[in-house]
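Below is upload-v1.cif, holding mmCIF, C-alpha atoms and all ligand atoms.
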```
data_protein
#
loop_
_atom_site.label_atom_id
_atom_site.label_comp_id
_atom_site.auth_asym_id
_atom_site.auth_seq_id
_atom_site.Cartn_x
_atom_site.Cartn_y
_atom_site.Cartn_z
CA MET O 72 -246.90 125.40 23.42
CA ARG O 73 -249.12 126.28 20.54
CA SER O 74 -248.87 129.26 18.29
CA VAL O 75 -248.72 132.72 19.80
CA VAL O 76 -252.08 134.41 19.68
CA ARG O 77 -251.72 137.62 17.78
CA ASN O 78 -252.69 140.70 19.67
CA ARG O 79 -255.11 142.58 17.52
CA LYS O 80 -255.59 145.12 20.27
CA GLY O 81 -251.97 146.18 19.91
CA PHE O 82 -252.52 146.34 16.19
CA LEU O 83 -255.53 148.59 16.73
CA LYS O 84 -253.48 150.87 18.94
CA SER O 85 -250.96 151.43 16.19
CA PHE O 86 -253.77 152.92 14.14
CA ALA O 87 -255.23 154.97 16.95
CA GLY O 88 -253.32 158.14 16.23
CA VAL O 89 -254.03 157.94 12.55
CA ALA O 90 -257.66 157.20 12.26
CA LEU O 91 -259.67 156.17 15.27
CA ALA O 92 -261.50 158.40 17.70
CA GLY O 93 -261.23 157.45 21.42
CA PRO O 94 -264.71 155.97 21.97
CA VAL O 95 -264.53 153.95 18.74
CA LEU O 96 -261.20 152.51 19.70
CA GLY O 97 -262.47 151.80 23.21
CA ARG O 98 -265.32 149.60 22.00
CA LEU O 99 -263.18 147.73 19.51
CA GLU O 100 -260.57 147.18 22.19
CA ALA O 101 -263.22 145.84 24.55
CA ILE O 102 -264.25 143.19 22.03
CA GLU O 103 -260.64 142.26 21.38
CA ASP O 104 -259.88 142.14 25.12
CA VAL O 105 -262.56 139.57 25.82
CA PHE O 106 -261.61 137.51 22.78
CA SER O 107 -257.85 137.63 23.36
CA ALA O 108 -258.16 136.67 27.02
CA SER O 109 -260.14 133.52 26.33
CA LEU O 110 -257.97 132.71 23.34
CA HIS O 111 -254.85 133.13 25.39
CA THR O 112 -256.19 130.61 27.91
CA LEU O 113 -256.96 128.21 25.09
CA ALA O 114 -253.49 128.57 23.57
CA GLN O 115 -251.86 127.97 26.97
CA THR O 116 -253.94 124.89 27.80
CA PRO O 117 -251.92 121.71 27.24
CA TRP O 118 -253.47 119.76 24.40
CA GLU O 119 -253.68 116.60 26.53
CA SER O 120 -256.03 118.32 28.97
CA LEU O 121 -258.03 119.89 26.14
CA GLY O 122 -260.10 116.74 25.88
CA PRO O 123 -262.84 116.41 23.28
CA GLN O 124 -265.54 117.19 25.85
CA ALA O 125 -263.74 120.34 26.99
CA LEU O 126 -263.59 121.41 23.39
CA GLN O 127 -267.19 120.54 22.70
CA ASP O 128 -268.18 122.78 25.63
CA ARG O 129 -266.70 125.68 23.68
CA TYR O 130 -269.33 125.26 20.96
CA MET O 131 -273.08 125.78 20.83
CA LEU O 132 -274.26 122.44 19.47
CA ASP O 133 -277.58 121.19 20.80
CA PRO O 134 -276.66 118.56 23.45
CA SER O 135 -279.28 116.22 22.02
CA VAL O 136 -277.52 116.25 18.66
CA VAL O 137 -274.59 114.01 17.70
CA TYR O 138 -273.03 116.17 15.05
CA LEU O 139 -271.02 114.14 12.54
CA ASN O 140 -271.59 116.38 9.54
CA HIS O 141 -268.93 119.10 9.60
CA ALA O 142 -268.30 118.46 5.89
CA SER O 143 -271.73 119.79 5.01
CA ILE O 144 -271.62 122.75 7.32
CA GLY O 145 -269.45 123.59 10.30
CA THR O 146 -270.39 125.10 13.64
CA ILE O 147 -268.54 128.07 15.04
CA PRO O 148 -266.98 128.24 18.50
CA ARG O 149 -269.01 130.20 21.04
CA GLN O 150 -266.31 132.84 21.49
CA VAL O 151 -266.10 133.49 17.75
CA HIS O 152 -269.88 133.79 17.69
CA ASN O 153 -269.77 136.22 20.63
CA ALA O 154 -267.20 138.39 18.88
CA ARG O 155 -269.37 138.32 15.76
CA VAL O 156 -272.41 139.50 17.70
CA GLU O 157 -270.36 142.36 19.14
CA TYR O 158 -269.20 143.40 15.66
CA LEU O 159 -272.79 143.35 14.44
CA ALA O 160 -273.91 145.57 17.32
CA LEU O 161 -270.97 147.89 16.79
CA CYS O 162 -271.75 148.19 13.10
CA GLU O 163 -275.36 149.11 13.85
CA SER O 164 -274.21 151.81 16.26
CA ASN O 165 -272.88 153.83 13.32
CA PRO O 166 -273.25 151.86 10.07
CA TRP O 167 -271.65 154.48 7.89
CA LEU O 168 -268.55 154.65 10.05
CA TYR O 169 -267.98 150.90 10.16
CA MET O 170 -268.95 150.13 6.58
CA TRP O 171 -267.18 153.00 4.86
CA GLY O 172 -265.08 154.76 7.50
CA THR O 173 -261.59 153.91 8.68
CA PRO O 174 -261.96 151.73 11.83
CA TRP O 175 -262.36 148.38 10.12
CA GLN O 176 -260.26 148.94 6.99
CA PRO O 177 -256.92 147.94 8.52
CA ILE O 178 -258.51 145.08 10.46
CA ARG O 179 -260.00 143.65 7.28
CA GLU O 180 -256.48 143.47 5.85
CA GLU O 181 -255.29 141.77 9.06
CA VAL O 182 -258.10 139.24 8.59
CA ARG O 183 -257.00 138.68 4.99
CA ALA O 184 -253.41 138.19 6.13
CA GLY O 185 -254.53 135.61 8.72
CA ALA O 186 -256.58 133.67 6.17
CA ALA O 187 -253.68 133.88 3.70
CA ARG O 188 -251.38 132.31 6.29
CA VAL O 189 -253.80 129.37 6.59
CA LEU O 190 -253.67 128.86 2.81
CA GLY O 191 -249.96 129.56 2.45
CA VAL O 192 -250.40 132.39 -0.07
CA PRO O 193 -249.52 136.09 -0.20
CA PRO O 194 -252.39 138.19 1.26
CA SER O 195 -252.45 140.33 -1.87
CA ASP O 196 -253.47 137.26 -3.91
CA LEU O 197 -256.47 136.41 -1.75
CA ALA O 198 -260.06 137.57 -2.21
CA ILE O 199 -262.64 137.20 0.55
CA THR O 200 -265.67 135.96 -1.38
CA HIS O 201 -268.90 134.32 -0.19
CA ASN O 202 -268.16 130.62 -0.75
CA THR O 203 -266.42 128.01 -2.91
CA THR O 204 -269.15 128.12 -5.53
CA GLU O 205 -268.66 131.83 -6.07
CA GLY O 206 -264.93 131.38 -6.67
CA PHE O 207 -265.63 128.77 -9.34
CA ASN O 208 -268.22 130.97 -10.98
CA ILE O 209 -265.63 133.73 -11.20
CA LEU O 210 -263.23 131.29 -12.88
CA ALA O 211 -265.82 129.80 -15.27
CA ASN O 212 -267.00 133.24 -16.32
CA GLY O 213 -263.65 135.00 -16.43
CA LEU O 214 -260.95 132.69 -17.81
CA PRO O 215 -260.03 133.37 -21.44
CA ILE O 216 -261.35 130.10 -22.91
CA GLY O 217 -263.80 129.51 -25.73
CA PRO O 218 -264.70 127.27 -28.68
CA GLY O 219 -262.23 124.42 -29.14
CA ASP O 220 -261.13 124.46 -25.47
CA GLU O 221 -261.99 121.83 -22.88
CA VAL O 222 -262.49 122.00 -19.11
CA LEU O 223 -261.92 118.61 -17.50
CA PHE O 224 -263.03 117.22 -14.13
CA SER O 225 -264.05 113.89 -12.64
CA THR O 226 -267.33 112.66 -11.19
CA LEU O 227 -265.80 113.32 -7.75
CA ASN O 228 -265.95 117.05 -8.43
CA HIS O 229 -268.71 118.80 -6.46
CA ASP O 230 -271.55 120.58 -8.29
CA GLY O 231 -270.36 123.87 -6.79
CA ALA O 232 -267.19 123.51 -8.86
CA SER O 233 -268.79 121.82 -11.89
CA VAL O 234 -272.15 123.30 -12.88
CA CYS O 235 -270.69 126.75 -13.56
CA TRP O 236 -268.42 125.18 -16.23
CA GLU O 237 -271.25 123.14 -17.73
CA LEU O 238 -273.58 126.13 -18.06
CA GLY O 239 -270.69 128.38 -19.07
CA ALA O 240 -269.87 125.91 -21.84
CA GLU O 241 -273.34 126.36 -23.34
CA ARG O 242 -272.95 130.11 -23.30
CA ARG O 243 -269.30 130.56 -24.19
CA GLY O 244 -268.71 127.65 -26.54
CA PHE O 245 -266.02 125.68 -24.70
CA THR O 246 -266.57 122.05 -23.66
CA ALA O 247 -266.91 120.77 -20.09
CA ARG O 248 -266.17 117.04 -19.73
CA ARG O 249 -266.85 115.02 -16.59
CA PHE O 250 -265.03 111.68 -16.57
CA GLU O 251 -266.00 108.68 -14.45
CA PHE O 252 -263.81 108.33 -11.37
CA PRO O 253 -263.53 104.69 -10.17
CA LEU O 254 -265.06 105.46 -6.82
CA LEU O 255 -265.27 101.87 -5.63
CA ASP O 256 -261.50 101.44 -6.13
CA VAL O 257 -260.64 104.36 -3.82
CA PRO O 258 -259.49 102.23 -0.83
CA SER O 259 -256.72 100.67 -2.92
CA LEU O 260 -255.55 103.73 -4.89
CA SER O 261 -252.06 105.20 -4.53
CA VAL O 262 -250.87 108.75 -5.27
CA ALA O 263 -249.50 107.52 -8.61
CA ASP O 264 -252.86 105.92 -9.46
CA VAL O 265 -254.77 109.15 -8.82
CA VAL O 266 -252.32 111.12 -10.95
CA GLU O 267 -252.47 108.54 -13.74
CA LEU O 268 -256.31 108.47 -13.71
CA HIS O 269 -256.28 112.19 -14.46
CA ARG O 270 -253.35 112.12 -16.88
CA ARG O 271 -255.09 109.54 -19.06
CA GLN O 272 -258.06 111.87 -19.54
CA ILE O 273 -256.12 114.92 -20.70
CA ARG O 274 -256.48 115.73 -24.41
CA PRO O 275 -254.71 118.31 -26.58
CA GLU O 276 -257.73 120.62 -26.19
CA THR O 277 -257.81 120.37 -22.36
CA ARG O 278 -256.95 123.87 -21.13
CA VAL O 279 -258.42 123.68 -17.62
CA LEU O 280 -258.19 120.86 -15.09
CA VAL O 281 -260.43 121.06 -12.02
CA PHE O 282 -260.44 118.73 -9.02
CA PRO O 283 -261.45 118.77 -5.38
CA HIS O 284 -258.45 118.79 -3.05
CA VAL O 285 -260.56 116.52 -0.83
CA ASP O 286 -263.81 115.29 -2.38
CA ASN O 287 -267.01 115.47 -0.38
CA THR O 288 -268.12 111.85 -0.86
CA VAL O 289 -265.33 109.50 0.22
CA GLY O 290 -262.73 112.07 1.33
CA LEU O 291 -259.99 111.25 -1.18
CA ARG O 292 -257.15 113.74 -0.71
CA HIS O 293 -256.02 114.41 -4.26
CA PRO O 294 -252.22 114.82 -4.43
CA LEU O 295 -252.16 118.54 -5.15
CA ALA O 296 -248.57 119.27 -6.15
CA GLU O 297 -248.26 116.03 -8.13
CA LEU O 298 -251.45 116.67 -10.09
CA VAL O 299 -250.49 120.27 -10.83
CA ALA O 300 -247.03 119.22 -12.03
CA MET O 301 -248.47 116.44 -14.21
CA ALA O 302 -251.14 118.70 -15.74
CA LYS O 303 -248.63 121.43 -16.57
CA ALA O 304 -246.28 118.87 -18.12
CA GLU O 305 -249.21 117.67 -20.26
CA GLY O 306 -249.86 121.20 -21.51
CA VAL O 307 -252.86 122.15 -19.34
CA GLU O 308 -252.85 125.90 -18.85
CA TYR O 309 -255.00 126.36 -15.77
CA VAL O 310 -255.40 124.12 -12.73
CA ALA O 311 -258.26 125.19 -10.47
CA VAL O 312 -258.79 123.36 -7.20
CA ASP O 313 -261.75 123.11 -4.84
CA GLY O 314 -260.59 123.49 -1.23
CA ALA O 315 -264.01 123.43 0.46
CA GLN O 316 -263.02 120.34 2.47
CA THR O 317 -259.42 121.22 3.28
CA VAL O 318 -259.06 124.77 4.61
CA GLY O 319 -258.81 124.49 8.38
CA MET O 320 -258.43 120.71 8.31
CA ILE O 321 -255.21 120.10 6.42
CA PRO O 322 -252.10 122.31 6.54
CA LEU O 323 -251.70 124.03 3.17
CA ASP O 324 -248.83 125.57 1.22
CA LEU O 325 -250.66 126.60 -1.93
CA ALA O 326 -248.10 129.04 -3.30
CA ALA O 327 -245.53 126.24 -3.37
CA SER O 328 -247.97 123.80 -5.02
CA GLY O 329 -248.07 125.73 -8.30
CA VAL O 330 -251.88 125.73 -8.38
CA ASP O 331 -253.38 128.56 -10.45
CA ALA O 332 -256.57 129.10 -8.47
CA TYR O 333 -258.03 127.67 -5.27
CA SER O 334 -261.52 128.35 -3.95
CA ALA O 335 -262.72 127.43 -0.47
CA SER O 336 -265.44 127.81 2.14
CA PRO O 337 -264.04 128.55 5.63
CA HIS O 338 -267.44 127.88 7.24
CA LYS O 339 -266.74 124.14 7.28
CA TRP O 340 -263.36 123.28 8.81
CA LEU O 341 -262.14 126.74 9.79
CA GLN O 342 -265.43 127.17 11.66
CA SER O 343 -265.95 130.73 10.48
CA PRO O 344 -269.33 132.44 10.16
CA LYS O 345 -271.34 131.17 7.20
CA GLY O 346 -271.45 133.05 3.91
CA LEU O 347 -267.72 133.69 3.53
CA GLY O 348 -265.35 132.27 0.96
CA LEU O 349 -261.66 132.44 0.08
CA LEU O 350 -260.37 132.67 -3.47
CA TYR O 351 -256.67 132.48 -4.25
CA VAL O 352 -255.65 133.47 -7.76
CA ARG O 353 -251.98 133.27 -8.74
CA ALA O 354 -250.74 136.87 -9.17
CA ASP O 355 -249.79 136.61 -12.84
CA LEU O 356 -253.17 135.09 -13.70
CA ARG O 357 -254.98 138.28 -12.68
CA SER O 358 -254.34 139.97 -15.99
CA GLU O 359 -256.15 137.07 -17.72
CA LEU O 360 -259.00 136.40 -15.30
CA ARG O 361 -261.78 138.95 -15.59
CA PRO O 362 -263.73 139.73 -12.39
CA MET O 363 -267.38 138.69 -12.36
CA TRP O 364 -268.80 141.88 -10.78
CA VAL O 365 -267.24 145.27 -10.64
CA THR O 366 -267.74 148.64 -9.01
CA TRP O 367 -265.58 151.36 -7.54
CA GLY O 368 -262.84 149.01 -6.30
CA GLN O 369 -261.44 147.98 -9.69
CA ARG O 370 -258.96 150.80 -10.12
CA ARG O 371 -258.16 151.11 -6.45
CA TRP O 372 -257.34 147.39 -6.08
CA ALA O 373 -256.07 146.77 -9.61
CA ASP O 374 -252.85 145.09 -8.49
CA THR O 375 -254.39 142.74 -5.90
CA GLY O 376 -256.83 139.83 -5.63
CA ARG O 377 -259.37 142.22 -4.14
CA ILE O 378 -260.65 142.90 -7.66
CA TYR O 379 -262.58 139.62 -7.20
CA GLU O 380 -264.40 140.91 -4.11
CA ASP O 381 -265.47 144.25 -5.52
CA TYR O 382 -269.04 144.12 -4.16
CA GLY O 383 -269.67 147.54 -2.71
CA THR O 384 -271.64 147.08 0.51
CA ARG O 385 -271.12 143.74 2.24
CA ASN O 386 -271.55 142.06 5.59
CA LEU O 387 -268.34 143.40 7.14
CA PRO O 388 -269.01 142.19 10.73
CA GLU O 389 -268.85 138.60 9.42
CA VAL O 390 -265.56 139.36 7.71
CA MET O 391 -264.22 140.72 11.01
CA ALA O 392 -265.27 137.51 12.76
CA LEU O 393 -263.40 135.44 10.16
CA GLY O 394 -260.27 136.83 11.80
CA ASP O 395 -261.41 135.49 15.16
CA ALA O 396 -262.11 132.08 13.61
CA VAL O 397 -258.58 132.02 12.17
CA ASP O 398 -257.13 132.96 15.57
CA PHE O 399 -259.20 130.32 17.35
CA GLN O 400 -257.93 127.58 15.04
CA ALA O 401 -254.36 128.86 15.40
CA ALA O 402 -254.73 128.62 19.18
CA LEU O 403 -255.78 124.98 18.81
CA GLY O 404 -252.65 124.37 16.77
CA PRO O 405 -252.80 122.95 13.22
CA ALA O 406 -250.39 120.11 13.98
CA GLU O 407 -252.32 119.00 17.08
CA LYS O 408 -255.59 119.26 15.19
CA GLU O 409 -254.25 117.06 12.47
CA ARG O 410 -253.09 114.51 15.04
CA ARG O 411 -256.59 114.44 16.52
CA TYR O 412 -258.23 114.03 13.10
CA GLN O 413 -255.87 111.18 12.34
CA GLN O 414 -256.51 109.47 15.66
CA MET O 415 -260.29 109.75 15.28
CA ARG O 416 -260.11 108.37 11.76
CA SER O 417 -258.09 105.33 12.75
CA ASP O 418 -260.35 104.63 15.77
CA LEU O 419 -263.37 104.91 13.49
CA LYS O 420 -261.83 102.62 10.89
CA GLU O 421 -261.03 99.98 13.47
CA ARG O 422 -264.63 99.97 14.73
CA VAL O 423 -266.07 99.93 11.20
CA LEU O 424 -263.94 96.92 10.24
CA ALA O 425 -265.14 95.12 13.38
CA THR O 426 -268.85 95.79 12.70
CA ARG O 427 -270.98 93.39 10.67
CA GLY O 428 -272.83 95.13 7.81
CA LEU O 429 -270.34 98.02 7.53
CA GLU O 430 -267.53 98.48 5.03
CA TRP O 431 -264.70 101.03 4.80
CA VAL O 432 -264.97 102.64 1.34
CA SER O 433 -262.62 105.60 1.86
CA PRO O 434 -258.84 105.81 1.28
CA ALA O 435 -256.90 103.32 3.37
CA THR O 436 -254.45 105.81 4.86
CA TRP O 437 -254.46 109.35 6.24
CA ASP O 438 -252.02 110.73 3.64
CA LEU O 439 -254.64 110.09 0.94
CA GLY O 440 -257.60 110.67 3.25
CA ALA O 441 -259.24 113.23 5.48
CA SER O 442 -261.53 113.60 8.47
CA LEU O 443 -264.33 112.76 6.09
CA VAL O 444 -265.08 109.11 5.45
CA ALA O 445 -267.76 107.06 3.77
CA ILE O 446 -268.93 103.88 5.45
CA GLY O 447 -270.67 101.35 3.21
CA VAL O 448 -273.87 99.86 4.62
CA SER O 449 -275.34 96.54 3.54
CA GLY O 450 -278.91 95.30 3.80
CA ARG O 451 -280.73 98.65 3.98
CA PRO O 452 -280.73 101.93 2.02
CA ALA O 453 -278.31 104.39 3.62
CA SER O 454 -280.92 107.16 3.55
CA GLN O 455 -283.27 105.04 5.68
CA VAL O 456 -280.53 104.24 8.17
CA SER O 457 -279.59 107.90 8.34
CA GLN O 458 -283.18 108.99 9.04
CA GLU O 459 -283.48 106.39 11.76
CA LEU O 460 -280.17 107.43 13.38
CA PHE O 461 -281.36 111.01 13.50
CA ALA O 462 -284.86 110.23 14.75
CA GLN O 463 -283.69 107.85 17.48
CA ALA O 464 -280.37 109.29 18.60
CA GLY O 465 -280.01 112.76 17.06
CA VAL O 466 -277.11 111.59 14.86
CA VAL O 467 -276.50 114.04 12.00
CA LEU O 468 -274.59 112.67 9.01
CA ARG O 469 -274.96 112.52 5.25
CA PRO O 470 -276.12 109.42 3.35
CA PHE O 471 -274.94 108.77 -0.22
CA GLU O 472 -276.77 106.48 -2.61
CA THR O 473 -274.95 107.59 -5.74
CA MET O 474 -272.17 106.33 -8.00
CA GLY O 475 -272.60 102.73 -6.81
CA LEU O 476 -272.33 103.66 -3.13
CA ASN O 477 -274.76 102.92 -0.35
CA ALA O 478 -272.90 104.74 2.37
CA LEU O 479 -273.03 106.99 5.40
CA ARG O 480 -270.60 109.88 5.37
CA ILE O 481 -269.09 110.76 8.74
CA SER O 482 -267.11 113.98 9.11
CA PRO O 483 -265.95 114.48 12.71
CA ASN O 484 -264.22 117.65 13.81
CA VAL O 485 -261.90 118.32 16.75
CA ASN O 486 -264.90 118.89 19.00
CA THR O 487 -266.34 115.44 18.25
CA THR O 488 -266.22 113.21 21.35
CA PRO O 489 -265.74 109.43 21.69
CA SER O 490 -269.31 109.25 23.00
CA ASP O 491 -270.50 110.70 19.67
CA PHE O 492 -268.98 107.66 17.98
CA ASP O 493 -270.54 105.36 20.63
CA GLU O 494 -273.97 106.82 19.80
CA PHE O 495 -273.34 106.24 16.10
CA PHE O 496 -272.34 102.59 16.54
CA ALA O 497 -275.21 101.92 18.98
CA GLY O 498 -277.60 103.34 16.36
CA ILE O 499 -276.02 101.19 13.67
CA ALA O 500 -276.45 98.08 15.82
CA ARG O 501 -280.16 98.89 16.19
CA ALA O 502 -280.62 99.74 12.49
CA LEU O 503 -278.75 96.74 11.04
CA GLY O 504 -279.72 94.29 13.77
C1 LIG O 601 -266.08 119.64 -2.10
C2 LIG O 601 -267.09 120.74 -2.07
N1 LIG O 601 -267.02 121.72 -2.98
C3 LIG O 601 -267.88 122.75 -2.99
C4 LIG O 601 -268.90 122.83 -2.07
C5 LIG O 601 -269.84 124.00 -2.12
O1 LIG O 601 -269.58 124.81 -1.04
P1 LIG O 601 -270.35 126.22 -0.90
O2 LIG O 601 -271.80 125.88 -0.88
O3 LIG O 601 -269.86 126.75 0.40
O4 LIG O 601 -269.99 127.02 -2.07
C6 LIG O 601 -269.03 121.82 -1.10
C7 LIG O 601 -270.11 121.88 -0.11
O5 LIG O 601 -270.37 120.97 0.64
C8 LIG O 601 -268.10 120.77 -1.11
O6 LIG O 601 -268.18 119.77 -0.21
#
```
Serialized structure, structure tokens:
Amino acid sequence: MRSVVRNRKGFLKSFAGVALAGPVLGRLEAIEDVFSASLHTLAQTPWESLGPQALQDRYMLDPSVVYLNHASIGTIPRQVHNARVEYLALCESNPWLYMWGTPWQPIREEVRAGAARVLGVPPSDLAITHNTTEGFNILANGLPIGPGDEVLFSTLNHDGASVCWELGAERRGFTARRFEFPLLDVPSLSVADVVELHRRQIRPETRVLVFPHVDNTVGLRHPLAELVAMAKAEGVEYVAVDGAQTVGMIPLDLAASGVDAYSASPHKWLQSPKGLGLLYVRADLRSELRPMWVTWGQRRWADTGRIYEDYGTRNLPEVMALGDAVDFQAALGPAEKERRYQQMRSDLKERVLATRGLEWVSPATWDLGASLVAIGVSGRPASQVSQELFAQAGVVLRPFETMGLNALRISPNVNTTPSDFDEFFAGIARALG
């Protein structure tokens, strides 16, 4: 049986005597009751009977859409959305109370603890930001680097984790260097190859190494612990990793990996509301990394990662709903999810290899890959094929015509059904003839 669903209602009760008035507690409990009941059912449902269609029914995707683009932006489960709507309504019933009063303060910390469990880090080292890009901007603006120092990353690094260094370099005098990653060799690369490709680029002045844990183009899972260990051995001071495509998809143990900072967007694979981010900063790095914006929280939160989320007013109902997203994914079970991702990927690969005009350009195996793959297309521009697939069959995916690729990126999630893949391959047959 999958993980026990935590009972937030019980947690609320423990605070009742301290802070919450009866009616306030009653409404919060009502939201939690509805959510916990449906979550409990989900957690008790044997995975075998939780078929892809049954899962898809728990989401709000337009039935005419074949959604194969979870890597660009995820979709949240209906019950998480419902809880979110309730939090929004509750907040509007007494905005001052919910924004600045006591009812949601302890729950926000519960939410942080849940997200921290997903990342494998202490809750006190985790900031709830707005997205991956924000975390990298905090790092590029706040790390103590300057003239003579280099920040290194490959062409696989996403703009959200790159541009802030490039513009920061102009302003602060350090250098940002993007090296060419041999994208077309990805299917044959090993862990040692990926480590060596990075090691070769490190220079005496390289103080920061940045890489995507899983890149957004071909879905190469960079070997996290191995790269961190190599970089430290080579004298790199800070290793900052982009987890936009991992959190919620791949089990993580970041504290054990030795990474210095990790920034992620839970709206993709954790299926949280949009506009939330997670930033882990190793505890002893906090004294060196200056926050990007500051207000009344700096002194109050001085010994925690919350100094990086010191915004003042923010959209707290969405933060509350992040907790429900974490609970939903826990009820699905990370190990079972990973099995489903793996199964879908190998089914997809088999069909790609059997289809004329298509080529597998992603890592050969799951341990270096992800539920995010690029499929090379011959004979027609990928963007044209993509437009046609959407117009004729509602297939949503992302084409790439960069870095020597002419490819369609497919990123299925646990609620993707076999018939979604059938629609994709039928569309391909029409488009490539
Ligand atoms: C690997 C990677 N990094 C960073 C980002 C930027 O994410 P956000 O816009 O949520 O900051 C994305 C978005 O697709 C991504 O795929």
So, with all atoms listed in the file as the atoms that count, which of O:Met301, O:Val289, O:Ile481, O:Leu161 lies closest to O:Pro258?
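Going through O:Met301, O:Val289, O:Ile481, O:Leu161 one by one, the smallest distance to O:Pro258 is for O:Val289.
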Choose the residue, out of O:Arg249, O:Arg270, O:Arg469, O:Lys303, that has the smallest atom-to-atom separation from ligand LIG 601 (chain O); count all atoms listed in the file.
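Among O:Arg249, O:Arg270, O:Arg469, O:Lys303, it is O:Arg469 that comes nearest to ligand LIG 601 (chain O).
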Let me know the centre plus edge lengths, in Å and rounded to one decimal, of a box with edges along x, y and z that contains all listed atoms of ligand LIG 601 (chain O) and is padded by 5 Å on every side, as AutoDock Vina command-line options.
```
--center_x -268.9 --center_y 123.3 --center_z -1.2 --size_x 15.7 --size_y 17.4 --size_z 13.6
```
List all protein, DNA and RNA residues that have at least one atom no more than 7 Å from any atom of ligand LIG 601 (chain O), counting all atoms listed in the file, and write them as an NGL selection string.
:O and (142-143 or 202-205 or 228-232 or 283 or 285-287 or 313-316 or 336)
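Remark: for O:Ile102, the closest of the candidate residues O:Ile209, O:Ala497, O:Val136, O:Ala154 is O:Ala154 (distances computed over only C-alpha atoms).
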Figure out the distance between atom CA of O:Leu349 and atom CA of O:Ala311, please, to one decimal in Å.
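These atoms are spaced 13.2 Å apart.
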How many Å lie between atom CA of O:Leu238 and atom CA of O:Ser334, rounded to one decimal?
18.7 Å
Write out as a ChimeraX atom specification which residues come within 8 Å of stretch 433-436 of chain O when counting all atoms listed in the file, dropping same-chain ones fewer than 5 positions away.
/O:257-260,289-291,444-446
Residue among O:Val299, O:Ala402, O:Leu126, O:Met131 lying closest to O:Thr488, counting all atoms listed in the file:
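When distances to O:Thr488 are compared using all atoms listed in the file, the smallest one comes from O:Leu126.
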Restricting the calculation to all atoms listed in the file, which member of O:Arg385, O:Phe282, O:Val192, O:Phe207 is positioned closest to O:Met363?
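Closest residue, counting all atoms listed in the file: O:Phe207.
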